[in-house]
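A.B. asks: Got a file for you: structure_25.txt, compact mmCIF, C-alpha atoms and all ligand atoms.
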```txt
# COMPACT_ATOMS: atom_id res chain seq x y z
CA MET A 62 9.19 -61.06 -22.51
CA LYS A 63 11.06 -59.62 -25.44
CA VAL A 64 9.58 -59.97 -28.93
CA LEU A 65 11.96 -59.01 -31.74
CA ALA A 66 10.73 -58.36 -35.28
CA ILE A 67 12.97 -57.84 -38.31
CA LEU A 68 10.88 -56.30 -41.06
CA TYR A 69 11.56 -54.20 -44.16
CA LYS A 70 11.60 -50.43 -44.16
CA GLY A 71 8.46 -49.05 -45.79
CA GLY A 72 9.37 -45.34 -45.86
CA LYS A 73 6.89 -42.83 -47.24
CA ALA A 74 4.70 -45.55 -48.74
CA ALA A 75 4.21 -47.21 -45.34
CA LYS A 76 3.30 -43.91 -43.70
CA GLU A 77 0.70 -43.24 -46.39
CA GLU A 78 -0.60 -46.82 -46.63
CA PRO A 79 -1.31 -48.44 -43.25
CA ARG A 80 -2.14 -51.74 -44.95
CA LEU A 81 1.61 -52.15 -45.60
CA LEU A 82 1.60 -54.16 -42.38
CA GLY A 83 4.83 -56.06 -42.99
CA THR A 84 6.94 -52.90 -42.66
CA VAL A 85 8.98 -51.46 -39.79
CA GLU A 86 6.57 -48.51 -39.69
CA ASN A 87 3.38 -50.56 -39.34
CA GLU A 88 4.89 -53.35 -37.22
CA LEU A 89 2.42 -56.07 -38.30
CA GLY A 90 -0.20 -54.14 -36.33
CA ILE A 91 0.65 -55.96 -33.10
CA ARG A 92 2.40 -53.37 -30.90
CA GLN A 93 -0.64 -52.57 -28.80
CA PHE A 94 -1.54 -56.24 -28.44
CA LEU A 95 1.97 -57.05 -27.15
CA GLU A 96 2.52 -53.99 -24.97
CA SER A 97 -0.91 -54.19 -23.35
CA GLN A 98 0.23 -57.54 -21.98
CA GLY A 99 3.48 -56.09 -20.67
CA HIS A 100 5.80 -57.40 -23.37
CA GLU A 101 8.63 -55.49 -24.97
CA TYR A 102 8.42 -55.21 -28.79
CA ILE A 103 11.56 -54.30 -30.73
CA VAL A 104 11.08 -53.70 -34.45
CA SER A 105 13.85 -52.90 -36.91
CA ASP A 106 15.16 -53.49 -40.42
CA SER A 107 18.76 -53.54 -39.15
CA LYS A 108 19.78 -57.16 -39.64
CA ASP A 109 23.37 -57.56 -40.80
CA GLY A 110 26.57 -57.54 -38.79
CA PRO A 111 27.35 -57.72 -35.08
CA ASP A 112 26.13 -54.16 -34.40
CA SER A 113 22.74 -54.70 -36.01
CA VAL A 114 19.58 -54.47 -33.92
CA PHE A 115 18.93 -58.09 -34.88
CA GLN A 116 22.18 -59.42 -33.44
CA LYS A 117 22.03 -57.14 -30.41
CA HIS A 118 18.54 -58.21 -29.31
CA ILE A 119 18.56 -61.86 -30.38
CA VAL A 120 20.53 -62.68 -27.21
CA ASP A 121 17.51 -62.21 -24.94
CA ALA A 122 14.47 -62.35 -27.25
CA GLU A 123 11.96 -65.15 -26.58
CA ILE A 124 10.02 -64.66 -29.81
CA LEU A 125 11.62 -63.71 -33.12
CA ILE A 126 9.46 -62.55 -36.02
CA THR A 127 11.10 -62.41 -39.43
CA THR A 128 9.87 -62.06 -42.97
CA PRO A 129 11.27 -63.67 -46.13
CA PHE A 130 11.01 -60.30 -47.90
CA HIS A 131 13.85 -58.84 -45.81
CA PRO A 132 15.36 -61.93 -44.25
CA GLY A 133 17.10 -61.73 -40.91
CA TYR A 134 19.46 -64.69 -41.31
CA LEU A 135 19.36 -66.72 -38.10
CA THR A 136 22.52 -68.81 -38.46
CA ALA A 137 23.72 -71.71 -36.29
CA GLU A 138 26.26 -69.29 -34.79
CA LEU A 139 23.54 -66.81 -33.80
CA PHE A 140 21.44 -69.62 -32.34
CA GLU A 141 24.31 -70.25 -29.90
CA LYS A 142 23.85 -66.71 -28.58
CA ALA A 143 20.03 -66.77 -28.57
CA LYS A 144 19.74 -68.40 -25.18
CA LYS A 145 16.13 -67.41 -24.51
CA LEU A 146 14.73 -67.95 -27.99
CA LYS A 147 11.71 -70.27 -28.01
CA VAL A 148 9.72 -69.37 -31.11
CA CYS A 149 10.67 -68.11 -34.59
CA VAL A 150 7.65 -66.90 -36.52
CA THR A 151 7.91 -66.33 -40.26
CA ALA A 152 5.45 -63.62 -41.26
CA GLY A 153 4.77 -65.23 -44.63
CA VAL A 154 5.85 -68.59 -46.09
CA GLY A 155 9.41 -69.92 -46.46
CA SER A 156 11.73 -70.27 -43.45
CA ASP A 157 15.03 -71.04 -45.16
CA HIS A 158 16.57 -67.90 -43.64
CA ILE A 159 16.46 -69.73 -40.31
CA ASP A 160 19.04 -72.51 -39.88
CA LEU A 161 16.41 -75.20 -39.34
CA ASN A 162 18.86 -77.87 -38.18
CA ALA A 163 20.14 -75.46 -35.54
CA ALA A 164 16.54 -74.75 -34.48
CA VAL A 165 16.04 -78.50 -33.98
CA LYS A 166 19.25 -78.68 -31.95
CA HIS A 167 18.29 -75.74 -29.74
CA GLY A 168 14.68 -76.78 -29.24
CA ALA A 169 13.31 -73.58 -30.78
CA GLN A 170 10.09 -73.90 -32.76
CA VAL A 171 9.81 -72.46 -36.27
CA LEU A 172 6.30 -71.51 -37.37
CA GLU A 173 5.01 -70.02 -40.61
CA VAL A 174 1.71 -68.52 -41.63
CA THR A 175 1.18 -71.40 -44.02
CA GLY A 176 -1.00 -70.65 -47.01
CA SER A 177 -1.10 -66.91 -46.27
CA ASN A 178 0.28 -65.81 -49.62
CA VAL A 179 0.12 -68.89 -51.84
CA VAL A 180 -2.58 -67.48 -54.11
CA SER A 181 -0.65 -64.19 -54.39
CA VAL A 182 2.43 -66.09 -55.59
CA ALA A 183 0.53 -68.46 -57.88
CA GLU A 184 -1.08 -65.47 -59.62
CA HIS A 185 2.34 -63.86 -59.99
CA VAL A 186 3.74 -67.03 -61.53
CA VAL A 187 0.98 -67.12 -64.15
CA LEU A 188 1.61 -63.43 -64.86
CA SER A 189 5.36 -64.08 -65.24
CA ILE A 190 4.85 -67.07 -67.54
CA LEU A 191 2.58 -65.02 -69.79
CA LEU A 192 4.80 -61.96 -69.89
CA LEU A 193 7.80 -64.09 -70.92
CA VAL A 194 5.97 -66.22 -73.47
CA LYS A 195 4.27 -63.17 -75.00
CA ASN A 196 7.51 -61.10 -74.95
CA PHE A 197 5.47 -58.42 -73.20
CA ILE A 198 8.13 -56.30 -71.48
CA PRO A 199 10.17 -55.46 -74.63
CA ALA A 200 6.88 -54.62 -76.37
CA HIS A 201 5.90 -52.19 -73.63
CA GLU A 202 9.39 -50.68 -73.49
CA MET A 203 9.18 -50.07 -77.25
CA ILE A 204 5.99 -48.08 -76.71
CA GLU A 205 7.53 -45.95 -73.96
CA ARG A 206 10.53 -45.22 -76.20
CA GLY A 207 8.19 -43.87 -78.86
CA ASP A 208 8.94 -46.67 -81.35
CA TRP A 209 6.56 -48.95 -83.25
CA GLN A 210 8.12 -51.95 -84.96
CA VAL A 211 5.76 -54.89 -84.54
CA SER A 212 8.07 -57.48 -86.08
CA ASP A 213 10.86 -56.72 -83.57
CA VAL A 214 8.70 -57.97 -80.71
CA ALA A 215 6.46 -60.45 -82.54
CA ARG A 216 9.55 -62.41 -83.64
CA ASN A 217 9.89 -63.73 -80.10
CA ALA A 218 6.24 -63.89 -78.99
CA PHE A 219 4.35 -67.18 -78.65
CA ASP A 220 1.13 -68.64 -77.26
CA LEU A 221 0.93 -70.65 -74.07
CA GLU A 222 -1.62 -72.93 -75.68
CA GLY A 223 0.04 -76.14 -76.81
CA LYS A 224 3.11 -75.74 -74.60
CA VAL A 225 4.29 -78.13 -71.88
CA VAL A 226 4.43 -76.47 -68.47
CA GLY A 227 6.03 -78.10 -65.45
CA THR A 228 6.43 -77.20 -61.80
CA ILE A 229 9.30 -78.22 -59.55
CA GLY A 230 7.36 -78.65 -56.30
CA ALA A 231 3.63 -79.33 -56.41
CA GLY A 232 2.67 -78.14 -52.95
CA ARG A 233 0.30 -75.29 -52.17
CA ILE A 234 1.76 -72.84 -54.68
CA GLY A 235 2.82 -75.32 -57.39
CA TYR A 236 -0.60 -76.94 -57.38
CA ARG A 237 -2.38 -73.59 -57.55
CA VAL A 238 -0.21 -72.56 -60.51
CA LEU A 239 -1.20 -75.71 -62.41
CA GLN A 240 -4.86 -75.19 -61.47
CA ARG A 241 -4.77 -71.69 -62.89
CA LEU A 242 -3.18 -72.92 -66.13
CA VAL A 243 -5.88 -75.48 -66.93
CA PRO A 244 -7.97 -73.08 -69.09
CA PHE A 245 -4.93 -72.20 -71.22
CA ASP A 246 -5.10 -75.58 -73.00
CA CYS A 247 -1.43 -76.37 -72.52
CA LYS A 248 -0.18 -79.52 -74.25
CA GLU A 249 0.61 -81.04 -70.85
CA LEU A 250 0.97 -80.05 -67.21
CA LEU A 251 3.86 -81.85 -65.50
CA TYR A 252 5.27 -81.88 -61.99
CA TYR A 253 8.43 -83.00 -60.26
CA ASP A 254 8.12 -83.58 -56.51
CA TYR A 255 9.20 -86.41 -54.23
CA ALA A 256 5.73 -86.25 -52.70
CA PRO A 257 3.22 -87.43 -55.31
CA LEU A 258 -0.06 -85.54 -55.49
CA PRO A 259 -3.10 -87.40 -54.22
CA GLU A 260 -4.55 -89.28 -57.19
CA ALA A 261 -7.75 -87.23 -57.30
CA ALA A 262 -5.82 -83.94 -57.19
CA ALA A 263 -3.55 -84.96 -60.08
CA LYS A 264 -6.52 -86.26 -62.05
CA ALA A 265 -8.47 -83.03 -61.57
CA LEU A 266 -5.75 -81.18 -63.52
CA ASN A 267 -4.64 -84.05 -65.72
CA ALA A 268 -1.15 -83.44 -64.28
CA ARG A 269 1.57 -86.02 -64.87
CA ARG A 270 4.44 -86.67 -62.47
CA VAL A 271 7.95 -87.11 -63.87
CA GLU A 272 10.30 -88.74 -61.40
CA ASP A 273 13.66 -87.91 -62.92
CA LEU A 274 14.62 -84.22 -62.89
CA LYS A 275 16.65 -84.23 -66.12
CA ASP A 276 13.91 -86.12 -67.90
CA PHE A 277 11.38 -83.63 -66.47
CA VAL A 278 13.19 -80.47 -67.59
CA SER A 279 13.85 -81.92 -71.05
CA GLN A 280 10.09 -82.20 -71.64
CA CYS A 281 9.06 -78.69 -70.52
CA ASP A 282 8.70 -75.50 -72.55
CA VAL A 283 8.03 -73.58 -69.33
CA ILE A 284 9.39 -74.47 -65.88
CA THR A 285 8.17 -72.87 -62.67
CA VAL A 286 10.01 -73.40 -59.38
CA ASN A 287 7.79 -73.82 -56.32
CA CYS A 288 9.74 -75.83 -53.76
CA PRO A 289 11.35 -74.57 -50.55
CA LEU A 290 15.08 -73.84 -50.34
CA HIS A 291 16.87 -76.57 -48.38
CA GLU A 292 20.01 -78.72 -48.63
CA GLY A 293 18.43 -80.68 -51.49
CA THR A 294 17.36 -77.70 -53.62
CA LYS A 295 20.22 -75.20 -53.20
CA GLY A 296 21.78 -74.74 -56.64
CA LEU A 297 19.41 -77.33 -58.09
CA ILE A 298 19.15 -75.39 -61.34
CA ASN A 299 22.79 -75.18 -62.34
CA ALA A 300 24.87 -75.24 -65.54
CA ASP A 301 24.61 -79.02 -65.82
CA LEU A 302 20.83 -79.17 -65.43
CA LEU A 303 20.33 -76.19 -67.76
CA LYS A 304 21.95 -78.21 -70.56
CA HIS A 305 19.04 -80.64 -70.27
CA PHE A 306 16.42 -77.89 -70.70
CA LYS A 307 14.76 -77.58 -74.10
CA LYS A 308 16.60 -74.91 -76.09
CA GLY A 309 14.71 -71.63 -75.64
CA ALA A 310 12.68 -72.71 -72.58
CA TRP A 311 11.25 -70.16 -70.16
CA LEU A 312 12.07 -70.37 -66.44
CA VAL A 313 10.11 -68.70 -63.63
CA ASN A 314 11.42 -68.80 -60.07
CA THR A 315 9.37 -67.24 -57.29
CA ALA A 316 10.51 -69.83 -54.73
CA ARG A 317 14.01 -68.80 -53.58
CA GLY A 318 16.86 -67.22 -55.54
CA ALA A 319 19.51 -69.68 -54.32
CA ILE A 320 17.65 -72.63 -55.91
CA CYS A 321 19.10 -71.30 -59.16
CA ASP A 322 22.81 -70.80 -59.77
CA LYS A 323 22.99 -67.05 -60.43
CA ASP A 324 25.72 -67.08 -63.08
CA ALA A 325 24.58 -70.25 -64.81
CA VAL A 326 21.07 -68.82 -65.29
CA ALA A 327 22.42 -65.49 -66.56
CA GLU A 328 24.71 -67.32 -69.01
CA ALA A 329 21.86 -69.55 -70.22
CA LEU A 330 19.74 -66.47 -70.87
CA LYS A 331 22.52 -64.65 -72.70
CA SER A 332 23.24 -67.69 -74.90
CA GLY A 333 19.56 -68.28 -75.69
CA GLN A 334 19.48 -71.68 -73.96
CA LEU A 335 16.81 -69.93 -71.87
CA ARG A 336 14.49 -67.61 -73.77
CA GLY A 337 13.42 -65.95 -70.56
CA TYR A 338 13.91 -65.81 -66.80
CA ALA A 339 11.43 -64.17 -64.42
CA GLY A 340 10.76 -64.11 -60.74
CA ASP A 341 11.02 -62.05 -57.61
CA VAL A 342 13.49 -63.93 -55.44
CA TRP A 343 17.24 -63.33 -55.34
CA ASN A 344 20.17 -65.21 -53.87
CA VAL A 345 20.93 -62.11 -51.74
CA GLN A 346 18.23 -59.69 -50.60
CA PRO A 347 18.20 -56.78 -51.14
CA ALA A 348 19.89 -57.59 -54.45
CA PRO A 349 23.04 -55.53 -55.10
CA ARG A 350 22.69 -52.81 -57.75
CA ASP A 351 24.98 -54.68 -60.14
CA HIS A 352 23.29 -58.10 -59.73
CA VAL A 353 23.48 -59.80 -63.13
CA TRP A 354 19.79 -60.84 -62.98
CA ARG A 355 18.72 -57.19 -63.06
CA THR A 356 19.91 -56.71 -66.63
CA ALA A 357 20.65 -60.09 -68.27
CA LYS A 358 18.82 -60.46 -71.59
CA ASN A 359 18.36 -63.12 -74.26
CA PRO A 360 20.12 -62.64 -77.64
CA LEU A 361 17.11 -60.66 -78.93
CA GLY A 362 17.30 -58.21 -76.03
CA GLY A 363 14.31 -59.43 -73.99
CA GLY A 364 13.40 -62.28 -71.68
CA ASN A 365 13.95 -60.60 -68.33
CA GLY A 366 10.93 -60.48 -66.02
CA MET A 367 12.71 -59.88 -62.71
CA VAL A 368 11.12 -57.76 -59.95
CA PRO A 369 11.92 -57.22 -56.27
CA HIS A 370 10.66 -59.82 -53.81
CA TYR A 371 7.02 -58.82 -53.57
CA SER A 372 4.80 -61.48 -55.11
CA GLY A 373 3.80 -62.80 -51.70
CA THR A 374 3.38 -59.40 -50.08
CA THR A 375 0.37 -57.92 -51.82
CA LEU A 376 -1.81 -55.90 -49.47
CA ASP A 377 -4.23 -58.84 -49.34
CA ALA A 378 -1.39 -61.17 -48.35
CA GLN A 379 -0.07 -58.76 -45.71
CA GLU A 380 -3.42 -58.73 -43.96
CA ARG A 381 -3.41 -62.53 -43.88
CA TYR A 382 0.15 -62.98 -42.68
CA ALA A 383 -0.15 -60.21 -40.06
CA ASN A 384 -3.30 -61.84 -38.65
CA GLY A 385 -1.65 -65.26 -38.79
CA THR A 386 1.45 -64.00 -36.95
CA LYS A 387 -0.77 -62.62 -34.20
CA SER A 388 -2.68 -65.92 -33.86
CA ILE A 389 0.58 -67.88 -33.57
CA ILE A 390 1.77 -65.57 -30.78
CA GLU A 391 -1.63 -65.71 -29.04
CA ASN A 392 -1.45 -69.50 -29.07
CA TYR A 393 2.04 -69.40 -27.65
CA PHE A 394 1.04 -67.05 -24.83
CA ALA A 395 -2.03 -69.15 -24.04
CA GLY A 396 -0.12 -72.45 -24.21
CA LYS A 397 -2.53 -73.64 -26.93
CA PRO A 398 -1.42 -76.02 -29.71
CA GLN A 399 -0.42 -74.38 -32.98
CA GLU A 400 -2.16 -75.17 -36.28
CA PRO A 401 -0.29 -78.30 -37.44
CA ALA A 402 0.18 -76.90 -40.97
CA ASN A 403 2.04 -73.89 -39.54
CA ILE A 404 4.68 -75.95 -37.76
CA ILE A 405 7.92 -76.25 -39.70
CA ILE A 406 10.04 -77.22 -36.70
CA GLY A 407 8.36 -78.46 -33.54
CA VAL A 408 10.30 -78.76 -30.31
CA GLY A 409 13.41 -80.74 -31.30
CA LYS A 410 12.14 -82.08 -34.64
CA TYR A 411 11.05 -81.37 -38.20
CA GLU A 412 7.26 -81.44 -38.47
CA THR A 413 7.09 -80.51 -42.15
CA LYS A 414 7.85 -82.94 -44.96
CA ALA A 415 8.48 -80.12 -47.43
CA TYR A 416 12.07 -79.25 -46.45
CA GLY A 417 13.71 -82.35 -47.92
CA GLN A 418 13.43 -86.07 -47.39
CA ARG A 419 14.84 -87.14 -44.07
P1 LIG A 501 4.48 -76.32 -49.66
O1 LIG A 501 5.19 -76.84 -48.46
O2 LIG A 501 3.00 -76.36 -49.70
O3 LIG A 501 5.01 -77.09 -50.97
C1 LIG A 501 6.36 -77.30 -51.24
C2 LIG A 501 6.48 -78.54 -52.11
O4 LIG A 501 7.83 -78.64 -52.57
C3 LIG A 501 6.17 -79.84 -51.37
O5 LIG A 501 5.21 -80.59 -52.08
C4 LIG A 501 7.51 -80.56 -51.31
O6 LIG A 501 7.40 -81.96 -51.33
C5 LIG A 501 8.18 -80.02 -52.56
N1 LIG A 501 9.63 -80.17 -52.56
C6 LIG A 501 10.51 -80.03 -51.55
N2 LIG A 501 11.74 -80.33 -51.95
C7 LIG A 501 11.66 -80.67 -53.26
C8 LIG A 501 12.61 -81.08 -54.21
N3 LIG A 501 13.90 -81.27 -53.90
N4 LIG A 501 12.18 -81.32 -55.47
C9 LIG A 501 10.87 -81.19 -55.79
N5 LIG A 501 9.91 -80.82 -54.91
C10 LIG A 501 10.32 -80.56 -53.66
O7 LIG A 501 5.02 -74.85 -49.85
P2 LIG A 501 4.36 -73.63 -50.66
O8 LIG A 501 3.40 -72.91 -49.79
O9 LIG A 501 3.89 -74.13 -51.98
O10 LIG A 501 5.63 -72.68 -50.85
C11 LIG A 501 6.76 -73.14 -51.56
C12 LIG A 501 7.89 -72.13 -51.44
O11 LIG A 501 7.57 -70.94 -52.16
C13 LIG A 501 8.18 -71.63 -50.02
O12 LIG A 501 8.96 -72.54 -49.28
C14 LIG A 501 8.90 -70.33 -50.30
O13 LIG A 501 10.29 -70.57 -50.45
C15 LIG A 501 8.32 -69.86 -51.63
N6 LIG A 501 7.43 -68.69 -51.44
C16 LIG A 501 7.76 -67.52 -52.08
C17 LIG A 501 7.00 -66.38 -51.89
C18 LIG A 501 7.32 -65.10 -52.61
O14 LIG A 501 6.85 -64.05 -52.20
N7 LIG A 501 8.07 -65.13 -53.68
C19 LIG A 501 5.86 -66.37 -50.95
C20 LIG A 501 5.52 -67.69 -50.43
C21 LIG A 501 6.33 -68.78 -50.63
```
Please render this file's structure as structure tokens.
C.D. replies:
Amino acid sequence: MKVLAILYKGGKAAKEEPRLLGTVENELGIRQFLESQGHEYIVSDSKDGPDSVFQKHIVDAEILITTPFHPGYLTAELFEKAKKLKVCVTAGVGSDHIDLNAAVKHGAQVLEVTGSNVVSVAEHVVLSILLLVKNFIPAHEMIERGDWQVSDVARNAFDLEGKVVGTIGAGRIGYRVLQRLVPFDCKELLYYDYAPLPEAAAKALNARRVEDLKDFVSQCDVITVNCPLHEGTKGLINADLLKHFKKGAWLVNTARGAICDKDAVAEALKSGQLRGYAGDVWNVQPAPRDHVWRTAKNPLGGGNGMVPHYSGTTLDAQERYANGTKSIIENYFAGKPQEPANIIIGVGKYETKAYGQR
């Protein structure tokens, strides 16, 4: 059978560092496993346009492996051509680059390595919150420039203690973010999610659920986005919602770029409605060189904590999602049931409750 993997190019780094498993060079470490069983394994980063390796081989691949870090977009149109496709495996977490409704229609399963990088992301969120609140990046840039003017950076630096922090989405990542914030003595920890946390879990963090989104954002000093991208979250943070944010709030989005309206967020940062925006996910990946999120700043010249999409691909995470990808494929070959938590789309139906209420 043909197994097709669309991964990101790792270049020199991947040749020098074999633990960069999610790259084209290191192939998730599964070539020998697949070939020893007589399967064909095609690996490439070429994913866009009709001449791409992705579109050429999707027509007869039975297993597709993709990664959110360099998403091969499996559209409804491509599903029509993918006549043999049975299983889409996301090496990581977040399968919005697959048209999930089309997967249901075509009876293809979509599986993720659930939980594989949730700690990696939660740690990155805490880092991003702190670097925005503390105005860290402009302070470091000042040092590299050779300057020393404490007041220029201290004028926009605060403490996290006493602030209200809220997460949109209180699943594996959102919950872990709140857990990690407990020792910071925030004024309150809030969450917005259609699925309420189990009572004991909410109580353990003293986290309060707010059911109305506008009401929720109006109470938060810091908002972190930790829900999947689906029909109900695309463009959720737009110009209208941003008006309901507290003036000068900080926003961290490590979930998916398209949950935020690109221009509305950039405008809010420039006007000072947002004091800072940080995250690693972009509405298009790789982000174009002139993407406004690369350079947008608040009126005092700081507040930008954007990085490339890497929070969930630390070397520790890569080991976990490479192993998890292999286990999913082993189960498929052996006809064994998959771990229920890994199943986003089962044959002909949504198994997850996290991709919108239906
Ligand atoms: P999860 O499935 O454990 O939790 C998602 C939560 O979001 C669920 O509780 C769900 O009810 C909630 N949710 C869904 N729609 C919502 C809405 N409209 N409003 C409020 N809450 C909503 O997923 P997990 O593991 O926490 O991951 C969340 C997302 O984070 C992934 O889907 C992915 O997009 C992103 N992610 C990003 C990574 C990165 O490297 N930047 C790595 C891993 C995940």
A.B. asks: Which residues, written as number ranges by chain, have at least one atom at most 10 Å from Glu173 of chain A, with all atoms listed in the file counted and residues fewer than 5 positions away on the same chain left out?
C.D. replies: A: 126-128, 149-156, 382, 385-386, 389, 400, 402-406
A.B. asks: Please tabulate, as JSON lines, the residues of chain A that come within 7 Å of ligand LIG 501 (chain A), each with its closest pair of atoms and the distance in Å to one decimal, counting all atoms listed in the file and ordering rows by chain, then residue number upward.
C.D. replies:
```
{"residue": "A:Gly153", "atom": "CA", "partner": "A:LIG501", "partner_atom": "C20", "distance": 6.3}
{"residue": "A:Val154", "atom": "CA", "partner": "A:LIG501", "partner_atom": "C20", "distance": 4.4}
{"residue": "A:Gly155", "atom": "CA", "partner": "A:LIG501", "partner_atom": "O12", "distance": 3.9}
{"residue": "A:Ser156", "atom": "CA", "partner": "A:LIG501", "partner_atom": "O12", "distance": 6.8}
{"residue": "A:Thr175", "atom": "CA", "partner": "A:LIG501", "partner_atom": "O8", "distance": 6.4}
{"residue": "A:Gly176", "atom": "CA", "partner": "A:LIG501", "partner_atom": "O8", "distance": 5.7}
{"residue": "A:Asn178", "atom": "CA", "partner": "A:LIG501", "partner_atom": "C20", "distance": 5.6}
{"residue": "A:Val179", "atom": "CA", "partner": "A:LIG501", "partner_atom": "O8", "distance": 5.6}
{"residue": "A:Val182", "atom": "CA", "partner": "A:LIG501", "partner_atom": "C19", "distance": 5.8}
{"residue": "A:Ile229", "atom": "CA", "partner": "A:LIG501", "partner_atom": "C9", "distance": 5.0}
{"residue": "A:Gly230", "atom": "CA", "partner": "A:LIG501", "partner_atom": "N5", "distance": 3.6}
{"residue": "A:Ala231", "atom": "CA", "partner": "A:LIG501", "partner_atom": "O5", "distance": 4.8}
{"residue": "A:Gly232", "atom": "CA", "partner": "A:LIG501", "partner_atom": "O3", "distance": 3.2}
{"residue": "A:Arg233", "atom": "CA", "partner": "A:LIG501", "partner_atom": "O9", "distance": 3.8}
{"residue": "A:Ile234", "atom": "CA", "partner": "A:LIG501", "partner_atom": "O9", "distance": 3.7}
{"residue": "A:Gly235", "atom": "CA", "partner": "A:LIG501", "partner_atom": "O9", "distance": 5.6}
{"residue": "A:Tyr253", "atom": "CA", "partner": "A:LIG501", "partner_atom": "C9", "distance": 5.4}
{"residue": "A:Asp254", "atom": "CA", "partner": "A:LIG501", "partner_atom": "N5", "distance": 3.7}
{"residue": "A:Tyr255", "atom": "CA", "partner": "A:LIG501", "partner_atom": "O6", "distance": 5.6}
{"residue": "A:Ala256", "atom": "CA", "partner": "A:LIG501", "partner_atom": "O6", "distance": 4.8}
{"residue": "A:Asn287", "atom": "CA", "partner": "A:LIG501", "partner_atom": "C11", "distance": 4.9}
{"residue": "A:Cys288", "atom": "CA", "partner": "A:LIG501", "partner_atom": "O4", "distance": 3.6}
{"residue": "A:Pro289", "atom": "CA", "partner": "A:LIG501", "partner_atom": "O12", "distance": 3.4}
{"residue": "A:Leu290", "atom": "CA", "partner": "A:LIG501", "partner_atom": "O13", "distance": 5.8}
{"residue": "A:Gly293", "atom": "CA", "partner": "A:LIG501", "partner_atom": "N3", "distance": 5.2}
{"residue": "A:Thr294", "atom": "CA", "partner": "A:LIG501", "partner_atom": "N3", "distance": 5.0}
{"residue": "A:Thr315", "atom": "CA", "partner": "A:LIG501", "partner_atom": "N7", "distance": 4.4}
{"residue": "A:Ala316", "atom": "CA", "partner": "A:LIG501", "partner_atom": "C15", "distance": 3.8}
{"residue": "A:Arg317", "atom": "CA", "partner": "A:LIG501", "partner_atom": "O13", "distance": 5.2}
{"residue": "A:Asp341", "atom": "CA", "partner": "A:LIG501", "partner_atom": "N7", "distance": 5.8}
{"residue": "A:Val342", "atom": "CA", "partner": "A:LIG501", "partner_atom": "N7", "distance": 5.8}
{"residue": "A:His370", "atom": "CA", "partner": "A:LIG501", "partner_atom": "N7", "distance": 5.9}
{"residue": "A:Tyr371", "atom": "CA", "partner": "A:LIG501", "partner_atom": "O14", "distance": 5.4}
{"residue": "A:Ser372", "atom": "CA", "partner": "A:LIG501", "partner_atom": "O14", "distance": 4.4}
{"residue": "A:Gly373", "atom": "CA", "partner": "A:LIG501", "partner_atom": "O14", "distance": 3.3}
{"residue": "A:Thr374", "atom": "CA", "partner": "A:LIG501", "partner_atom": "O14", "distance": 6.2}
{"residue": "A:Lys414", "atom": "CA", "partner": "A:LIG501", "partner_atom": "O6", "distance": 6.5}
{"residue": "A:Ala415", "atom": "CA", "partner": "A:LIG501", "partner_atom": "C4", "distance": 4.0}
{"residue": "A:Tyr416", "atom": "CA", "partner": "A:LIG501", "partner_atom": "C6", "distance": 5.4}
{"residue": "A:Gly417", "atom": "CA", "partner": "A:LIG501", "partner_atom": "N2", "distance": 4.9}
```
A.B. asks: Counting only C-alpha atoms, which residue out of A:Arg206, A:Arg336, A:Lys323, A:Lys144 sits closest to Ala218 of chain A?
C.D. replies: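 Closest to Ala218 of chain A, using only C-alpha atoms: A:Arg336.
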A.B. asks: Name all residues at most 9 Å from Tyr134 of chain A (count all atoms listed in the file; drop same-chain ones fewer than 3 positions away) and give them as a PyMOL selection string.
C.D. replies: chain A and resi 108-109+127+139+157-160
A.B. asks: Measuring between all atoms listed in the file, which one of A:Lys70, A:Arg237, A:Lys387, A:Lys410 shows the shortest distance to Ser105 of chain A?
C.D. replies: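 For Ser105 of chain A, the nearest of the candidates is A:Lys70.
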A.B. asks: Closest to Ile198 of chain A among A:Gly363, A:Pro132, A:Pro244, A:Gly409, using all atoms listed in the file?
C.D. replies: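 Under the stated criterion, the closest residue is A:Gly363.
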A.B. asks: For the atom pair atom CA of Asp273 of chain A and atom CA of Lys224 of chain A, what is the interatomic distance in Å to one decimal place?
C.D. replies: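 Value for the atom CA of Asp273 of chain A-atom CA of Lys224 of chain A distance: 19.9 Å.
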A.B. asks: Do a neighbour search on Ser189 of chain A at 9 Å with only C-alpha atoms, toss out local chain neighbours closer than 2 positions, and write the hits as a PDB file with C-alpha atoms, keeping the file's coordinate frame.
C.D. replies:
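Everything below was put into result.pdb:
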```
ATOM      1  CA  GLU A 184      -1.080 -65.470 -59.620  1.00  0.00           C
ATOM      2  CA  HIS A 185       2.340 -63.860 -59.990  1.00  0.00           C
ATOM      3  CA  VAL A 186       3.740 -67.030 -61.530  1.00  0.00           C
ATOM      4  CA  VAL A 187       0.980 -67.120 -64.150  1.00  0.00           C
ATOM      5  CA  LEU A 191       2.580 -65.020 -69.790  1.00  0.00           C
ATOM      6  CA  LEU A 192       4.800 -61.960 -69.890  1.00  0.00           C
ATOM      7  CA  LEU A 193       7.800 -64.090 -70.920  1.00  0.00           C
ATOM      8  CA  VAL A 194       5.970 -66.220 -73.470  1.00  0.00           C
ATOM      9  CA  VAL A 313      10.110 -68.700 -63.630  1.00  0.00           C
ATOM     10  CA  TYR A 338      13.910 -65.810 -66.800  1.00  0.00           C
ATOM     11  CA  ALA A 339      11.430 -64.170 -64.420  1.00  0.00           C
ATOM     12  CA  GLY A 340      10.760 -64.110 -60.740  1.00  0.00           C
ATOM     13  CA  GLY A 366      10.930 -60.480 -66.020  1.00  0.00           C
ATOM     14  CA  MET A 367      12.710 -59.880 -62.710  1.00  0.00           C
TER      15      MET A 367
END
```
